[in-house]
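**Student:** Let me give you the structure first, and then I'll get to my questions.
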Amino acid sequence: MSRPSPPSSIQQAREALGKRLREIRQDAGLTARAVAAAAGWHESKSSRLENGKTTPSDEDIRLWTRVCHVEGKAADLIATARGIDGMYVEWRRLERAGLKHVQDSVLPLYERTRWFRFYQSQVVPGLLQTREYTQAILRTVVALRDAPDDIEEAVAARMSRQRILHSGGRRFAFLVEEWVLRSVIGSPHTMVSQLGHLIGMTAMPSLSMGVIPMGVIRGHAWPCESFSLYDSKEAASELVSASLTVTQPSEVAEYAKTFAELSSIAVYGAAARKLITSALDALG
């Protein structure tokens, strides 16, 4: 099976880094051929790096900045390149060590974040899930991706992570599409418990719960893949085959703008509870 291609945002990040390398070379008055010769590379390597065909290694960047006499820029460029390599992680690779490992891996990010923003177009956000709903989600993950079957340990880890909601000093904004409330995950009984839990969570003072009604005029707020924002430093998106993480300020800003647009067409408070209750009533 061929490896899925990384999404365009990663290629754009590679191209942006390549453009910075080109500018550094041009500022130094060197040709791509001269840089390659001084670094001991084939000439085509300079072209691949500058055109974003390849992400440079740490040593590639150190050589480039040394040849161009700007060694002081190496650290920032290396950090950028490492960020690109960590942006796209296939679920199968991430889940190889077990589903509990996936749950535990985000704990450091959650512990250092003070402002959480979650948009979900598929399922109820993890921090708001009941135990039974999480079990149903992870059973599907095991079935579809042949992940290790450590569901109970993974569920316990996710439930434990929800303590962050009550830790103080943090803000949480959740947005879900109304169809998420009406998609039966697990069983009708599972959904009854889950929707009842959501109604209760809307009373938390540190938590904003928005529901985007079906039939609303979307304007610029088109539905998109589910994503999360952690402060204004990082955005993570859930793709079918992989997890995408971006830290480039301009890309994080795009996600923040999208979240604001989606927030503008959502309903809150009593109106949101009414939609949740309507979905609950539809289950009989």
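Residues are referred to by chain and number: the chain letter is A, B, ... according to the order shown in the structure tokens, the number counts from 1 in that chain, and ligands are numbered separately from 1 in the order shown.
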Counting only C-alpha atoms, which residues of region 215-283 of chain A sit at most 9 Å from some atom of region 74-95 of chain A, and what is each one's closest atom pair with its distance in Å to one decimal, listed by chain and rising residue number, as a tab-separated table?

**Tutor:**
residue	atom	partner	partner_atom	distance
A:Ala236	CA	A:Met87	CA	8.7
A:Leu239	CA	A:Trp91	CA	9.0
A:Val240	CA	A:Trp91	CA	8.4
A:Ser241	CA	A:Glu90	CA	5.8
A:Ala242	CA	A:Glu90	CA	3.9
A:Ser243	CA	A:Val89	CA	5.3
A:Leu244	CA	A:Tyr88	CA	4.7
A:Thr245	CA	A:Met87	CA	4.5
A:Val246	CA	A:Met87	CA	5.8
A:Thr247	CA	A:Gly83	CA	7.3
A:Gln248	CA	A:Thr80	CA	8.4

**Student:** Using all heavy atoms, can you write the selected residues to a file as a PDB file, in the first residue's frame?

**Tutor:**
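For reference, selection27.pdb as written:
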ATOM      1  N   ALA A 236      -4.259  21.588  15.762  1.00  0.00           N
ATOM      2  CA  ALA A 236      -4.196  20.180  15.371  1.00  0.00           C
ATOM      3  C   ALA A 236      -5.482  19.821  14.648  1.00  0.00           C
ATOM      4  O   ALA A 236      -6.573  20.202  15.089  1.00  0.00           O
ATOM      5  CB  ALA A 236      -4.005  19.289  16.598  1.00  0.00           C
ATOM      6  N   LEU A 239      -7.402  14.252  10.345  1.00  0.00           N
ATOM      7  CA  LEU A 239      -7.642  13.772   8.999  1.00  0.00           C
ATOM      8  C   LEU A 239      -8.002  12.293   9.050  1.00  0.00           C
ATOM      9  O   LEU A 239      -7.858  11.644  10.084  1.00  0.00           O
ATOM     10  CB  LEU A 239      -6.394  13.979   8.131  1.00  0.00           C
ATOM     11  CG  LEU A 239      -5.781  15.386   8.166  1.00  0.00           C
ATOM     12  CD1 LEU A 239      -4.540  15.435   7.288  1.00  0.00           C
ATOM     13  CD2 LEU A 239      -6.793  16.440   7.743  1.00  0.00           C
ATOM     14  N   VAL A 240      -8.482  11.741   7.946  1.00  0.00           N
ATOM     15  CA  VAL A 240      -8.879  10.338   7.929  1.00  0.00           C
ATOM     16  C   VAL A 240      -7.705   9.422   8.244  1.00  0.00           C
ATOM     17  O   VAL A 240      -7.820   8.485   9.026  1.00  0.00           O
ATOM     18  CB  VAL A 240      -9.486   9.965   6.555  1.00  0.00           C
ATOM     19  CG1 VAL A 240      -9.705   8.452   6.447  1.00  0.00           C
ATOM     20  CG2 VAL A 240     -10.805  10.696   6.353  1.00  0.00           C
ATOM     21  N   SER A 241      -6.541   9.724   7.663  1.00  0.00           N
ATOM     22  CA  SER A 241      -5.403   8.810   7.798  1.00  0.00           C
ATOM     23  C   SER A 241      -4.321   9.310   8.739  1.00  0.00           C
ATOM     24  O   SER A 241      -3.389   8.576   9.041  1.00  0.00           O
ATOM     25  CB  SER A 241      -4.773   8.556   6.422  1.00  0.00           C
ATOM     26  OG  SER A 241      -4.274   9.771   5.887  1.00  0.00           O
ATOM     27  N   ALA A 242      -4.424  10.564   9.189  1.00  0.00           N
ATOM     28  CA  ALA A 242      -3.312  11.122   9.946  1.00  0.00           C
ATOM     29  C   ALA A 242      -3.761  12.270  10.838  1.00  0.00           C
ATOM     30  O   ALA A 242      -4.862  12.803  10.710  1.00  0.00           O
ATOM     31  CB  ALA A 242      -2.222  11.610   8.986  1.00  0.00           C
ATOM     32  N   SER A 243      -2.854  12.634  11.719  1.00  0.00           N
ATOM     33  CA  SER A 243      -3.011  13.823  12.553  1.00  0.00           C
ATOM     34  C   SER A 243      -2.092  14.906  11.995  1.00  0.00           C
ATOM     35  O   SER A 243      -0.919  14.648  11.712  1.00  0.00           O
ATOM     36  CB  SER A 243      -2.617  13.498  13.999  1.00  0.00           C
ATOM     37  OG  SER A 243      -2.572  14.672  14.781  1.00  0.00           O
ATOM     38  N   LEU A 244      -2.631  16.108  11.844  1.00  0.00           N
ATOM     39  CA  LEU A 244      -1.860  17.224  11.307  1.00  0.00           C
ATOM     40  C   LEU A 244      -1.704  18.277  12.387  1.00  0.00           C
ATOM     41  O   LEU A 244      -2.691  18.735  12.975  1.00  0.00           O
ATOM     42  CB  LEU A 244      -2.572  17.823  10.094  1.00  0.00           C
ATOM     43  CG  LEU A 244      -1.978  19.110   9.508  1.00  0.00           C
ATOM     44  CD1 LEU A 244      -0.594  18.837   8.921  1.00  0.00           C
ATOM     45  CD2 LEU A 244      -2.904  19.689   8.444  1.00  0.00           C
ATOM     46  N   THR A 245      -0.472  18.662  12.685  1.00  0.00           N
ATOM     47  CA  THR A 245      -0.188  19.692  13.685  1.00  0.00           C
ATOM     48  C   THR A 245       0.541  20.840  13.014  1.00  0.00           C
ATOM     49  O   THR A 245       1.507  20.620  12.278  1.00  0.00           O
ATOM     50  CB  THR A 245       0.687  19.122  14.820  1.00  0.00           C
ATOM     51  OG1 THR A 245      -0.011  18.037  15.439  1.00  0.00           O
ATOM     52  CG2 THR A 245       0.978  20.193  15.865  1.00  0.00           C
ATOM     53  N   VAL A 246       0.075  22.054  13.262  1.00  0.00           N
ATOM     54  CA  VAL A 246       0.755  23.224  12.703  1.00  0.00           C
ATOM     55  C   VAL A 246       1.109  24.197  13.826  1.00  0.00           C
ATOM     56  O   VAL A 246       0.345  24.386  14.775  1.00  0.00           O
ATOM     57  CB  VAL A 246      -0.090  23.941  11.622  1.00  0.00           C
ATOM     58  CG1 VAL A 246      -0.352  23.024  10.454  1.00  0.00           C
ATOM     59  CG2 VAL A 246      -1.399  24.454  12.188  1.00  0.00           C
ATOM     60  N   THR A 247       2.292  24.775  13.709  1.00  0.00           N
ATOM     61  CA  THR A 247       2.752  25.764  14.685  1.00  0.00           C
ATOM     62  C   THR A 247       3.173  27.067  14.026  1.00  0.00           C
ATOM     63  O   THR A 247       3.509  28.021  14.720  1.00  0.00           O
ATOM     64  CB  THR A 247       3.941  25.202  15.500  1.00  0.00           C
ATOM     65  OG1 THR A 247       4.972  24.789  14.600  1.00  0.00           O
ATOM     66  CG2 THR A 247       3.509  24.006  16.347  1.00  0.00           C
ATOM     67  N   GLN A 248       3.180  27.099  12.691  1.00  0.00           N
ATOM     68  CA  GLN A 248       3.506  28.337  11.998  1.00  0.00           C
ATOM     69  C   GLN A 248       2.457  29.387  12.374  1.00  0.00           C
ATOM     70  O   GLN A 248       1.255  29.142  12.224  1.00  0.00           O
ATOM     71  CB  GLN A 248       3.508  28.120  10.478  1.00  0.00           C
ATOM     72  CG  GLN A 248       4.617  27.233   9.977  1.00  0.00           C
ATOM     73  CD  GLN A 248       5.954  27.960   9.894  1.00  0.00           C
ATOM     74  OE1 GLN A 248       6.015  29.170  10.018  1.00  0.00           O
ATOM     75  NE2 GLN A 248       7.022  27.204   9.701  1.00  0.00           N
TER      76      GLN A 248
END

**Student:** I'd like a table as CSV: residues in region 219-277 of chain A with an atom no more than 12 Å from region 98-121 of chain A, each row giving the shortest atom pair and its distance in Å to one decimal, only C-alpha atoms counted, sorted by chain and rising residue number.

**Tutor:**
residue,atom,partner,partner_atom,distance
A:Ala221,CA,A:Tyr119,CA,11.8
A:Trp222,CA,A:Ser121,CA,10.7
A:Pro223,CA,A:Ser121,CA,7.0
A:Cys224,CA,A:Ser121,CA,6.9
A:Glu225,CA,A:Ser121,CA,6.5
A:Ser226,CA,A:Gln120,CA,4.6
A:Phe227,CA,A:Tyr119,CA,5.5
A:Ser228,CA,A:Phe118,CA,4.5
A:Leu229,CA,A:Arg117,CA,4.9
A:Tyr230,CA,A:Phe116,CA,5.1
A:Asp231,CA,A:Trp115,CA,4.7
A:Ser232,CA,A:Trp115,CA,8.1
A:Lys233,CA,A:Thr113,CA,9.2
A:Glu234,CA,A:Leu109,CA,9.5
A:Ala235,CA,A:Arg117,CA,9.3
A:Ala236,CA,A:Phe118,CA,9.6
A:Ser237,CA,A:Tyr119,CA,9.6
A:Glu238,CA,A:Gln120,CA,9.5
A:Leu239,CA,A:Ser121,CA,11.6
A:Ser243,CA,A:Val102,CA,11.1
A:Thr245,CA,A:Val106,CA,11.9
A:Val252,CA,A:Arg117,CA,11.9
A:Tyr255,CA,A:Arg117,CA,10.1
A:Ala256,CA,A:Arg117,CA,8.7
A:Lys257,CA,A:Arg117,CA,11.8
A:Thr258,CA,A:Tyr119,CA,9.6
A:Phe259,CA,A:Tyr119,CA,7.2
A:Ala260,CA,A:Arg117,CA,10.1
A:Glu261,CA,A:Tyr119,CA,11.3
A:Leu262,CA,A:Tyr119,CA,8.5
A:Ser263,CA,A:Tyr119,CA,9.2
A:Ala266,CA,A:Tyr119,CA,11.1

**Student:** Could you give me the residues within region 12-128 of chain A that DSSP places in strand (DSSP E or B), as a ChimeraX atom specification?

**Tutor:** /A:88-90,115-120

**Student:** Save out the residues we just selected, N, CA, C and O atoms, as an mmCIF file, in the first residue's frame.

**Tutor:**
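Below you can see selection-v7.cif, which holds the result:
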data_model
loop_
_atom_site.group_PDB
_atom_site.id
_atom_site.type_symbol
_atom_site.label_atom_id
_atom_site.label_comp_id
_atom_site.auth_asym_id
_atom_site.auth_seq_id
_atom_site.Cartn_x
_atom_site.Cartn_y
_atom_site.Cartn_z
ATOM 1 N N TYR A 88 2.841 16.049 10.338
ATOM 2 C CA TYR A 88 1.968 15.034 9.756
ATOM 3 C C TYR A 88 2.360 13.668 10.294
ATOM 4 O O TYR A 88 3.452 13.175 10.027
ATOM 5 N N VAL A 89 1.476 13.059 11.080
ATOM 6 C CA VAL A 89 1.776 11.750 11.653
ATOM 7 C C VAL A 89 0.610 10.814 11.350
ATOM 8 O O VAL A 89 -0.531 11.071 11.741
ATOM 9 N N GLU A 90 0.899 9.743 10.622
ATOM 10 C CA GLU A 90 -0.153 8.791 10.282
ATOM 11 C C GLU A 90 -0.695 8.130 11.544
ATOM 12 O O GLU A 90 0.043 7.790 12.473
ATOM 13 N N TRP A 115 -5.891 28.205 27.030
ATOM 14 C CA TRP A 115 -7.076 28.528 26.243
ATOM 15 C C TRP A 115 -7.258 27.454 25.184
ATOM 16 O O TRP A 115 -6.459 27.325 24.265
ATOM 17 N N PHE A 116 -8.318 26.670 25.352
ATOM 18 C CA PHE A 116 -8.621 25.564 24.449
ATOM 19 C C PHE A 116 -9.801 25.944 23.553
ATOM 20 O O PHE A 116 -10.816 26.436 24.035
ATOM 21 N N ARG A 117 -9.658 25.670 22.253
ATOM 22 C CA ARG A 117 -10.769 25.845 21.324
ATOM 23 C C ARG A 117 -10.897 24.579 20.486
ATOM 24 O O ARG A 117 -9.918 24.142 19.870
ATOM 25 N N PHE A 118 -12.086 23.987 20.495
ATOM 26 C CA PHE A 118 -12.323 22.738 19.785
ATOM 27 C C PHE A 118 -13.500 22.887 18.827
ATOM 28 O O PHE A 118 -14.574 23.332 19.233
ATOM 29 N N TYR A 119 -13.303 22.501 17.584
ATOM 30 C CA TYR A 119 -14.403 22.424 16.625
ATOM 31 C C TYR A 119 -14.537 20.976 16.194
ATOM 32 O O TYR A 119 -13.555 20.356 15.783
ATOM 33 N N GLN A 120 -15.738 20.425 16.286
ATOM 34 C CA GLN A 120 -15.961 19.038 15.904
ATOM 35 C C GLN A 120 -17.096 18.937 14.890
ATOM 36 O O GLN A 120 -18.215 19.369 15.152
#

**Student:** Quick one: contact table of region 103-132 of chain A to region 136-150 of chain A, 10 Å max, nearest atom pair and distance in Å to one decimal per residue, counting only C-alpha atoms, chain and number order, as a tab-separated table?

**Tutor:**
residue	atom	partner	partner_atom	distance
A:Val123	CA	A:Ile137	CA	8.6
A:Val124	CA	A:Ile137	CA	9.9
A:Gly126	CA	A:Ile137	CA	9.9
A:Gln129	CA	A:Ile137	CA	9.8
A:Arg131	CA	A:Ala136	CA	8.8
A:Glu132	CA	A:Ala136	CA	6.3

**Student:** Restricting the output to N, CA, C and O atoms, write the selected residues as a compact mmCIF listing (two decimals), in the first residue's frame.

**Tutor:**
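Saved file out_27.txt follows:
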# COMPACT_ATOMS: atom_id res chain seq x y z
N VAL A 123 -17.64 13.98 15.76
CA VAL A 123 -18.08 13.36 17.01
C VAL A 123 -18.03 14.38 18.13
O VAL A 123 -17.50 15.48 17.96
N VAL A 124 -18.56 14.02 19.28
CA VAL A 124 -18.49 14.87 20.46
C VAL A 124 -17.02 15.04 20.86
O VAL A 124 -16.26 14.06 20.84
N GLY A 126 -13.53 15.06 22.71
CA GLY A 126 -13.05 14.09 23.69
C GLY A 126 -13.22 14.52 25.13
O GLY A 126 -13.55 13.70 26.00
N GLN A 129 -16.77 13.73 26.31
CA GLN A 129 -17.33 12.40 26.07
C GLN A 129 -17.59 11.64 27.37
O GLN A 129 -16.85 11.76 28.34
N ARG A 131 -17.87 7.82 29.23
CA ARG A 131 -17.06 6.60 29.12
C ARG A 131 -17.60 5.69 28.00
O ARG A 131 -16.83 5.17 27.19
N GLU A 132 -18.93 5.50 27.95
CA GLU A 132 -19.51 4.59 26.96
C GLU A 132 -19.31 5.13 25.53
O GLU A 132 -19.07 4.36 24.59

**Student:** Excluding Leu128 (chain A) and any residue of its chain fewer than 6 positions from it, enumerate the residues within 12 Å of it, using only C-alpha atoms, and give them as number ranges by chain.

**Tutor:** A: 118, 120, 134, 158-165, 172-176, 193-202, 204, 207-209

**Student:** Just to be explicit: take each residue in the selection above, keep N, CA and C atoms, and write the result as an mmCIF file, in the first residue's frame.

**Tutor:**
data_model
loop_
_atom_site.group_PDB
_atom_site.id
_atom_site.type_symbol
_atom_site.label_atom_id
_atom_site.label_comp_id
_atom_site.auth_asym_id
_atom_site.auth_seq_id
_atom_site.Cartn_x
_atom_site.Cartn_y
_atom_site.Cartn_z
ATOM 1 N N PHE A 118 -12.086 23.987 20.495
ATOM 2 C CA PHE A 118 -12.323 22.738 19.785
ATOM 3 C C PHE A 118 -13.500 22.887 18.827
ATOM 4 N N GLN A 120 -15.738 20.425 16.286
ATOM 5 C CA GLN A 120 -15.961 19.038 15.904
ATOM 6 C C GLN A 120 -17.096 18.937 14.890
ATOM 7 N N THR A 134 -16.845 7.093 24.483
ATOM 8 C CA THR A 134 -15.433 6.892 24.152
ATOM 9 C C THR A 134 -15.160 5.442 23.797
ATOM 10 N N ARG A 158 -8.388 8.707 28.851
ATOM 11 C CA ARG A 158 -9.164 9.866 28.379
ATOM 12 C C ARG A 158 -10.042 10.415 29.495
ATOM 13 N N MET A 159 -10.663 9.539 30.267
ATOM 14 C CA MET A 159 -11.499 10.008 31.377
ATOM 15 C C MET A 159 -10.658 10.775 32.401
ATOM 16 N N SER A 160 -9.444 10.275 32.655
ATOM 17 C CA SER A 160 -8.553 10.956 33.603
ATOM 18 C C SER A 160 -8.149 12.322 33.069
ATOM 19 N N ARG A 161 -7.958 12.418 31.754
ATOM 20 C CA ARG A 161 -7.550 13.685 31.153
ATOM 21 C C ARG A 161 -8.625 14.755 31.301
ATOM 22 N N GLN A 162 -9.857 14.347 31.470
ATOM 23 C CA GLN A 162 -10.952 15.310 31.589
ATOM 24 C C GLN A 162 -10.883 16.133 32.869
ATOM 25 N N ARG A 163 -10.008 15.728 33.783
ATOM 26 C CA ARG A 163 -9.850 16.522 35.006
ATOM 27 C C ARG A 163 -9.344 17.924 34.701
ATOM 28 N N ILE A 164 -8.765 18.110 33.517
ATOM 29 C CA ILE A 164 -8.256 19.426 33.130
ATOM 30 C C ILE A 164 -9.381 20.451 33.085
ATOM 31 N N LEU A 165 -10.623 19.974 32.870
ATOM 32 C CA LEU A 165 -11.784 20.875 32.829
ATOM 33 C C LEU A 165 -12.024 21.547 34.175
ATOM 34 N N PHE A 172 -12.310 27.130 28.007
ATOM 35 C CA PHE A 172 -12.630 26.104 27.022
ATOM 36 C C PHE A 172 -13.776 26.581 26.142
ATOM 37 N N ALA A 173 -13.581 26.519 24.843
ATOM 38 C CA ALA A 173 -14.636 26.859 23.888
ATOM 39 C C ALA A 173 -14.843 25.658 22.974
ATOM 40 N N PHE A 174 -16.059 25.139 22.956
ATOM 41 C CA PHE A 174 -16.393 23.983 22.131
ATOM 42 C C PHE A 174 -17.430 24.383 21.092
ATOM 43 N N LEU A 175 -17.223 23.943 19.864
ATOM 44 C CA LEU A 175 -18.188 24.113 18.788
ATOM 45 C C LEU A 175 -18.462 22.756 18.169
ATOM 46 N N VAL A 176 -19.728 22.402 18.019
ATOM 47 C CA VAL A 176 -20.080 21.167 17.320
ATOM 48 C C VAL A 176 -21.174 21.465 16.308
ATOM 49 N N SER A 193 -27.183 8.991 27.163
ATOM 50 C CA SER A 193 -26.281 9.359 28.259
ATOM 51 C C SER A 193 -25.349 10.492 27.838
ATOM 52 N N GLN A 194 -24.836 10.407 26.601
ATOM 53 C CA GLN A 194 -23.903 11.421 26.129
ATOM 54 C C GLN A 194 -24.572 12.789 26.010
ATOM 55 N N LEU A 195 -25.747 12.842 25.455
ATOM 56 C CA LEU A 195 -26.429 14.130 25.286
ATOM 57 C C LEU A 195 -26.839 14.710 26.630
ATOM 58 N N GLY A 196 -27.251 13.850 27.555
ATOM 59 C CA GLY A 196 -27.569 14.330 28.903
ATOM 60 C C GLY A 196 -26.344 14.924 29.581
ATOM 61 N N HIS A 197 -25.206 14.291 29.358
ATOM 62 C CA HIS A 197 -23.945 14.803 29.912
ATOM 63 C C HIS A 197 -23.616 16.170 29.323
ATOM 64 N N LEU A 198 -23.834 16.336 28.016
ATOM 65 C CA LEU A 198 -23.557 17.623 27.372
ATOM 66 C C LEU A 198 -24.410 18.734 27.969
ATOM 67 N N ILE A 199 -25.669 18.453 28.200
ATOM 68 C CA ILE A 199 -26.552 19.465 28.792
ATOM 69 C C ILE A 199 -26.006 19.915 30.142
ATOM 70 N N GLY A 200 -25.553 18.961 30.939
ATOM 71 C CA GLY A 200 -24.992 19.312 32.242
ATOM 72 C C GLY A 200 -23.719 20.128 32.128
ATOM 73 N N MET A 201 -22.891 19.831 31.123
ATOM 74 C CA MET A 201 -21.621 20.537 30.982
ATOM 75 C C MET A 201 -21.804 21.992 30.572
ATOM 76 N N THR A 202 -22.935 22.327 29.948
ATOM 77 C CA THR A 202 -23.146 23.714 29.522
ATOM 78 C C THR A 202 -23.250 24.678 30.689
ATOM 79 N N MET A 204 -21.093 24.832 33.153
ATOM 80 C CA MET A 204 -19.772 25.162 33.695
ATOM 81 C C MET A 204 -19.370 26.585 33.312
ATOM 82 N N LEU A 207 -16.596 27.149 30.607
ATOM 83 C CA LEU A 207 -16.805 26.401 29.383
ATOM 84 C C LEU A 207 -17.866 27.068 28.512
ATOM 85 N N SER A 208 -17.540 27.279 27.248
ATOM 86 C CA SER A 208 -18.488 27.799 26.269
ATOM 87 C C SER A 208 -18.852 26.673 25.315
ATOM 88 N N MET A 209 -20.152 26.416 25.181
ATOM 89 C CA MET A 209 -20.618 25.322 24.330
ATOM 90 C C MET A 209 -21.497 25.883 23.229
#

**Student:** Determine which residues of region 36-277 of chain A DSSP labels as helix (DSSP H, G or I) from the backbone of this structure, then write them out as a ChimeraX atom specification.

**Tutor:** /A:36-39,43-50,58-67,71-85,91-97,99-105,107-112,126-128,131-145,151-166,178-182,188-201,249-264,269-277

**Student:** Per residue of region 52-79 of chain A within 7 Å of region 12-33 of chain A, which atom pair is closest and at what distance in Å (one decimal), using only C-alpha atoms, listed by chain and increasing number, as a Markdown table?

**Tutor:**
| residue | atom | partner | partner_atom | distance |
| --- | --- | --- | --- | --- |
| A:Gly52 | CA | A:Glu15 | CA | 4.1 |
| A:Thr55 | CA | A:Arg14 | CA | 6.2 |
| A:Cys68 | CA | A:Ala28 | CA | 5.5 |

**Student:** Could those residues be written to a file, using C-alpha atoms, as a JSON list (two decimals), in the first residue's frame?

**Tutor:**
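Final output, saved to out39.json:
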[["chain", "number", "residue", "atom", "x", "y", "z"],
["A", 52, "GLY", "CA", 10.59, 22.49, -0.96],
["A", 55, "THR", "CA", 12.93, 18.91, 4.20],
["A", 68, "CYS", "CA", 26.42, 31.72, 3.58]]

**Student:** My list of candidates is A:Gly186, A:Pro213, A:Gly40, A:Gly168. Which is closest to Ala279 (chain A) when distances are computed with only C-alpha atoms?

**Tutor:**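 That would be A:Pro213, the residue with the smallest distance to Ala279 (chain A).
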
**Student:** CA of Ser206 (chain A) and CA of His189 (chain A), how far apart in Å?

**Tutor:** 28.3 Å

**Student:** Kindly indicate which residue among A:Thr54, A:Ala270, A:Leu63, A:Val155 lies nearest to Trp41 (chain A), using only C-alpha atoms for the distances.

**Tutor:**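 Comparing A:Thr54, A:Ala270, A:Leu63, A:Val155 against Trp41 (chain A), the winner is A:Leu63.
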
**Student:** For the atom pair CA of Glu177 (chain A) and CA of Met214 (chain A), what is the interatomic distance in Å to one decimal place?

**Tutor:**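 Going from CA of Glu177 (chain A) over to CA of Met214 (chain A), I get 7.4 Å.
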
**Student:** Any idea what the distance is between CA of Val67 (chain A) and CA of Ala36 (chain A)?

**Tutor:**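 Going from CA of Val67 (chain A) over to CA of Ala36 (chain A), I get 9.3 Å.
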